[in-house]
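Input: a single structure, listed below in structure tokens.
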Amino acid sequence: MGVPHISNRSGRERERWSRRGVLAALGAVPAAAVLTGCGGSADASDASESSATPSARAAAKKAAIAVTPADGTSKADFASPVQVTVTDGTLASVKVTGNDGSTLAGTLNEARTRWTSARNPYSGTKYTVTATAAGGTARTTTFTTKSPGETFVGYFTPEANSTSGVGMPVSIDFTHAVSDRAAVQKAITVTAEPAVEIVGHWFSDTRLDFRPETYWAPGTKITLSLRLKDVQGADGVYGVQSKDVTFHVGREQISTVDLATKEMTVRRDGSTVATYPVSGGDCDHTTWSGIMVISERFKQTRMESSTVGLGDEYDISDVPHAQRLTTSGTFVHGNYWAAGSVFGHRNTSHGCVGLHDAKGANDTSVDGYKFYESSMLGDVVIVKNSGERTVEPSNGLNGWNLSWADWKAGSAV
């Protein structure tokens, strides 16, 4: 190896170097120097690369960004979150915007290599995803989520921005039977100002009511938040609503009908404001007992016995000042066809609570008119000593007949 180099010296030097001397000199060369000479500069480069940090190696490569759902997907699943990942780099920012103006917030993992949306995308919506990696590499993709095949909505009581009495629950009737009650109930919240515990109770697979332990405080503001959009209520059936509505509670009015004395006492904000003689259901058509809430009000309405399973016993086209207490047909209403001597003395009705009234519903001097004018939806009417059992809590807006423990037992969450 060293011989060609030695041969370039003068002849005298060539004579002084013997073969043994040459070998001895070569043997004195350090091993590291030999390896370096043999390996050349390539070995130095490999050593440098092997000692580089992972981040340094990643910086030497271009970051690759991937988005799920994939770019251009036209019927993407809306039941899974959006995910953005990067290889050979870290994510600096991710923005996901829908064509409806909504945005999807999300979080990064600790290594900043994966971003996941905090909620799922909405159905039937086109989204644009813009992701940027540290160092400037960026990618923009789009996808459109599919529309649900079948949907449901919840019709709520009371009406938005209305004012009701202290007994009015928040009642929601769904247009499709709900099998996943927990998922649907979790998507609905009811809050109150002043704050109070409010719990939902399922009366059936299509009805969910909310109430506090006792009647609402007068002046309460109630907010119903529906976040049902894309919530699966049953197999392949999804909600469509995402909205907030508010209601208000007015003054407290609680009326107690004692059918033993045949008198109704009206108390407002704790003070008695009126007493009226009444007539309740006779012995063959007793009036429901219990706590009932006014759910509908009519200045005049038609009442037919056939609609409540009583054949053709009556058909009155202009019943004045009728206020519904049960779905099954119990009202407190004016009565102009019975003699005035009936009220306060005899129970003669087919199950309703009647007050003396005048035909046409315009006589302001009669009890039927006065009570109607003093009432509002959500007012409480309590009937006792009627000879009938307590009304079913689901028969109207009458969940107050359940104890708080029984009410809470009907919650799915």
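Letters for chains follow the order of the structure tokens (A, B, ...), residue numbers begin at 1 for each chain, and ligand numbers begin at 1 in the order shown.
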
For this session: For stretch 149-159 of chain A, list every protein, DNA or RNA residue within 9 Å, evaluated using only C-alpha atoms, and leave out those in the same chain fewer than 5 positions away; present the list as a PyMOL selection string.
Result: chain A and resi 164+168-177+206-207+226+228+230+232-233+236-241+245-247+295+377-378

Could you turn the residues from that selection into a file that holds N, CA, C and O atoms, as a compact mmCIF listing (two decimals), in the first residue's frame?
```
# COMPACT_ATOMS: atom_id res chain seq x y z
N SER A 164 -95.94 31.42 30.77
CA SER A 164 -96.85 30.40 31.27
C SER A 164 -96.90 30.43 32.79
O SER A 164 -96.09 31.08 33.45
N MET A 168 -96.21 24.76 34.27
CA MET A 168 -95.94 24.32 32.89
C MET A 168 -94.62 23.56 32.78
O MET A 168 -93.55 24.13 33.01
N PRO A 169 -94.66 22.27 32.43
CA PRO A 169 -93.41 21.55 32.17
C PRO A 169 -92.91 21.90 30.77
O PRO A 169 -93.63 22.51 29.98
N VAL A 170 -91.68 21.52 30.48
CA VAL A 170 -91.20 21.55 29.09
C VAL A 170 -91.44 20.16 28.54
O VAL A 170 -90.86 19.18 29.00
N SER A 171 -92.33 20.07 27.58
CA SER A 171 -92.76 18.76 27.05
C SER A 171 -92.39 18.67 25.58
O SER A 171 -92.66 19.60 24.81
N ILE A 172 -91.77 17.55 25.19
CA ILE A 172 -91.32 17.37 23.81
C ILE A 172 -91.93 16.09 23.25
O ILE A 172 -91.81 15.01 23.84
N ASP A 173 -92.61 16.23 22.12
CA ASP A 173 -93.19 15.09 21.41
C ASP A 173 -92.40 14.86 20.13
O ASP A 173 -92.28 15.78 19.30
N PHE A 174 -91.88 13.65 19.95
CA PHE A 174 -91.06 13.32 18.80
C PHE A 174 -91.89 12.70 17.69
O PHE A 174 -92.86 11.97 17.96
N THR A 175 -91.50 12.97 16.46
CA THR A 175 -92.25 12.48 15.31
C THR A 175 -91.91 11.04 14.95
O THR A 175 -92.52 10.48 14.06
N HIS A 176 -90.92 10.46 15.63
CA HIS A 176 -90.55 9.07 15.40
C HIS A 176 -90.20 8.45 16.75
O HIS A 176 -89.62 9.10 17.62
N ALA A 177 -90.56 7.19 16.92
CA ALA A 177 -90.25 6.50 18.17
C ALA A 177 -88.74 6.50 18.41
O ALA A 177 -87.95 6.24 17.50
N THR A 206 -92.03 8.40 22.48
CA THR A 206 -92.19 9.62 21.67
C THR A 206 -92.39 10.87 22.53
O THR A 206 -92.60 11.95 21.98
N ARG A 207 -92.32 10.73 23.85
CA ARG A 207 -92.58 11.91 24.71
C ARG A 207 -91.58 11.98 25.86
O ARG A 207 -91.41 11.04 26.63
N LEU A 226 -81.83 22.45 22.07
CA LEU A 226 -81.96 21.23 21.28
C LEU A 226 -80.71 21.06 20.42
O LEU A 226 -80.41 21.92 19.61
N LEU A 228 -80.14 18.15 18.54
CA LEU A 228 -80.55 16.85 18.00
C LEU A 228 -80.02 16.57 16.61
O LEU A 228 -80.13 15.44 16.12
N ASP A 230 -78.31 15.22 13.70
CA ASP A 230 -77.47 14.05 13.45
C ASP A 230 -77.34 13.12 14.65
O ASP A 230 -76.49 12.23 14.66
N GLN A 232 -78.64 9.99 16.47
CA GLN A 232 -79.40 8.82 16.03
C GLN A 232 -80.38 8.40 17.12
O GLN A 232 -80.00 7.86 18.15
N GLY A 233 -81.66 8.66 16.87
CA GLY A 233 -82.69 8.31 17.85
C GLY A 233 -83.14 6.88 17.74
O GLY A 233 -83.56 6.27 18.72
N GLY A 236 -80.91 4.19 11.97
CA GLY A 236 -81.02 4.88 10.70
C GLY A 236 -81.89 6.12 10.72
O GLY A 236 -82.16 6.70 9.66
N VAL A 237 -82.33 6.58 11.91
CA VAL A 237 -83.20 7.75 12.02
C VAL A 237 -82.48 8.82 12.84
O VAL A 237 -82.10 8.58 13.99
N TYR A 238 -82.32 10.01 12.25
CA TYR A 238 -81.49 11.05 12.86
C TYR A 238 -82.29 12.34 13.08
O TYR A 238 -83.17 12.69 12.30
N GLY A 239 -81.93 13.05 14.15
CA GLY A 239 -82.54 14.33 14.42
C GLY A 239 -82.04 15.41 13.48
O GLY A 239 -80.98 15.27 12.85
N VAL A 240 -82.78 16.51 13.38
CA VAL A 240 -82.41 17.59 12.46
C VAL A 240 -82.33 18.95 13.15
O VAL A 240 -81.91 19.92 12.53
N GLN A 241 -82.70 19.05 14.43
CA GLN A 241 -82.79 20.35 15.07
C GLN A 241 -81.52 20.72 15.83
O GLN A 241 -80.91 19.88 16.50
N VAL A 245 -84.38 27.87 22.50
CA VAL A 245 -85.62 28.63 22.66
C VAL A 245 -85.78 28.97 24.14
O VAL A 245 -85.31 28.24 25.02
N THR A 246 -86.44 30.07 24.41
CA THR A 246 -86.65 30.50 25.79
C THR A 246 -88.14 30.64 26.08
O THR A 246 -88.94 30.94 25.19
N PHE A 247 -88.49 30.40 27.34
CA PHE A 247 -89.84 30.59 27.85
C PHE A 247 -89.72 31.40 29.14
O PHE A 247 -88.65 31.47 29.75
N SER A 295 -103.54 23.19 29.66
CA SER A 295 -102.70 22.95 28.48
C SER A 295 -103.24 23.59 27.20
O SER A 295 -102.49 23.76 26.23
N LEU A 377 -102.09 29.54 30.29
CA LEU A 377 -101.51 28.22 30.10
C LEU A 377 -100.47 27.97 31.19
O LEU A 377 -99.68 28.85 31.53
N GLY A 378 -100.46 26.76 31.71
CA GLY A 378 -99.49 26.42 32.74
C GLY A 378 -99.97 26.65 34.15
O GLY A 378 -99.27 26.28 35.11
```

For this session: Might you pull out every residue within 9 Å of A:Asp77, with only C-alpha atoms counted and same-chain residues fewer than 2 positions away left off, and present them as a list of chain:residue names?
Result: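 Contacts, in chain order: A:Pro69, A:Lys75, A:Ala79, A:Ser80, A:Pro81, A:Pro121, A:Ser123, A:Thr144, A:Thr145, A:Lys146.
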
How would the residues just chosen look if you wrote them out with N, CA, C and O atoms as a compact mmCIF listing (two decimals), in the first residue's frame?
```
# COMPACT_ATOMS: atom_id res chain seq x y z
N PRO A 69 -62.37 12.61 6.29
CA PRO A 69 -62.57 11.93 5.02
C PRO A 69 -61.65 12.45 3.91
O PRO A 69 -61.21 13.58 3.93
N LYS A 75 -70.00 11.47 -0.29
CA LYS A 75 -70.98 10.95 0.67
C LYS A 75 -70.24 10.45 1.91
O LYS A 75 -70.31 9.29 2.28
N ALA A 79 -71.02 10.39 11.08
CA ALA A 79 -71.06 9.82 12.42
C ALA A 79 -69.66 9.63 13.01
O ALA A 79 -69.51 9.04 14.07
N SER A 80 -68.64 10.14 12.32
CA SER A 80 -67.26 10.03 12.80
C SER A 80 -66.59 11.39 12.71
O SER A 80 -66.94 12.21 11.86
N PRO A 81 -65.61 11.67 13.58
CA PRO A 81 -64.95 12.98 13.55
C PRO A 81 -64.03 13.13 12.34
O PRO A 81 -63.64 12.15 11.70
N PRO A 121 -68.89 16.05 11.96
CA PRO A 121 -69.43 17.03 11.01
C PRO A 121 -70.94 16.85 10.87
O PRO A 121 -71.48 15.79 11.17
N SER A 123 -74.49 16.47 8.82
CA SER A 123 -74.90 15.77 7.60
C SER A 123 -75.23 16.78 6.51
O SER A 123 -75.55 17.94 6.77
N THR A 144 -67.91 16.24 1.23
CA THR A 144 -69.32 16.51 1.50
C THR A 144 -69.91 15.31 2.23
O THR A 144 -69.75 14.17 1.78
N THR A 145 -70.59 15.57 3.34
CA THR A 145 -71.21 14.48 4.10
C THR A 145 -72.54 14.08 3.49
O THR A 145 -73.23 14.89 2.88
N LYS A 146 -72.89 12.84 3.68
CA LYS A 146 -74.15 12.34 3.13
C LYS A 146 -75.32 12.84 3.97
O LYS A 146 -75.16 13.28 5.11
```

Exercise. Could you pull the residues within 6 Å of A:Ser225, counting only C-alpha atoms, minus those fewer than 6 positions along the same chain, as a PyMOL selection string?
Worked result: chain A and resi 188-189+244

Write to file, as a PDB file, in the first residue's frame, the residues of the selection just made, with N, CA and C atoms.
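Writing done, so here's part35.pdb:
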```
ATOM      1  N   ILE A 188     -80.428  17.164  24.697  1.00  0.00           N
ATOM      2  CA  ILE A 188     -81.417  18.172  25.087  1.00  0.00           C
ATOM      3  C   ILE A 188     -81.111  18.637  26.505  1.00  0.00           C
ATOM      4  N   THR A 189     -80.995  19.935  26.690  1.00  0.00           N
ATOM      5  CA  THR A 189     -80.813  20.471  28.032  1.00  0.00           C
ATOM      6  C   THR A 189     -81.852  21.553  28.307  1.00  0.00           C
ATOM      7  N   ASP A 244     -81.920  26.995  20.158  1.00  0.00           N
ATOM      8  CA  ASP A 244     -82.213  27.362  21.533  1.00  0.00           C
ATOM      9  C   ASP A 244     -83.510  28.167  21.548  1.00  0.00           C
TER      10      ASP A 244
END
```

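Residue nearest A:Phe78 within the list A:Gly334, A:Gly124, A:Gly309, A:Gly135: A:Gly124 [criterion: smallest interatomic distance, only C-alpha atoms].
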
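Interatomic distance, atom CA of A:Asp258 against atom CA of A:Phe331: 15.3 Å.
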
Exercise. Any idea what's packed within 9 Å of A:Asn362, counting only C-alpha atoms, ignoring anything in its chain fewer than 4 positions away? Could you give it as JSON, numbers by chain?
Worked result: {"A": [320, 358, 369]}

What would the file look like if the residues just selected were written as a CSV table (one decimal), in the first residue's frame with C-alpha atoms?
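Done, and the output landed in part-v1.csv:
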```
chain,number,residue,atom,x,y,z
A,320,PRO,CA,-117.6,29.1,26.6
A,358,ALA,CA,-123.5,32.9,29.6
A,369,TYR,CA,-115.6,34.6,32.1
```

For this session: Could you tell me, as a PyMOL selection string, which residues of stretch 192-252 of chain A DSSP assigns to strand (DSSP E) when given the backbone?
Result: chain A and resi 192-193+199-204+207-211+221-227+232-234+237-239+242-249

For this session: Report as a list in words: the residues of stretch 52-300 of chain A with a DSSP assignment of helix (DSSP H, G or I), based on the backbone of this structure.
Result: Pro54, Ser55, Ala56, Arg57, Ala58, Ala59, Arg181, Ala182, Ala183, Val184, Gln185 and Lys186 of chain A

Generate the output file for the selected residues, C-alpha atoms, as a compact mmCIF listing (two decimals), in the first residue's frame.
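This went into out36.txt:
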```txt
# COMPACT_ATOMS: atom_id res chain seq x y z
CA PRO A 54 -35.44 12.60 14.68
CA SER A 55 -36.63 16.20 14.30
CA ALA A 56 -33.54 17.05 12.25
CA ARG A 57 -34.12 14.06 9.98
CA ALA A 58 -37.83 15.06 9.64
CA ALA A 59 -36.84 18.60 8.74
CA ARG A 181 -83.36 7.47 24.76
CA ALA A 182 -80.04 8.24 26.42
CA ALA A 183 -78.51 9.67 23.23
CA VAL A 184 -81.53 11.87 22.58
CA GLN A 185 -81.87 13.07 26.17
CA LYS A 186 -78.17 13.94 26.34
```

Problem set entry | Atomic separation - atom CA of A:Ala131 relative to atom CA of A:Leu108, Å | 12.1 Å

For this session: Could you tell me which of A:Arg324, A:His356, A:Lys126, A:Lys221 comes closest to A:Met292 if we count only C-alpha atoms?
Result: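 Using only C-alpha atoms, the shortest distance to A:Met292 belongs to A:Arg324.
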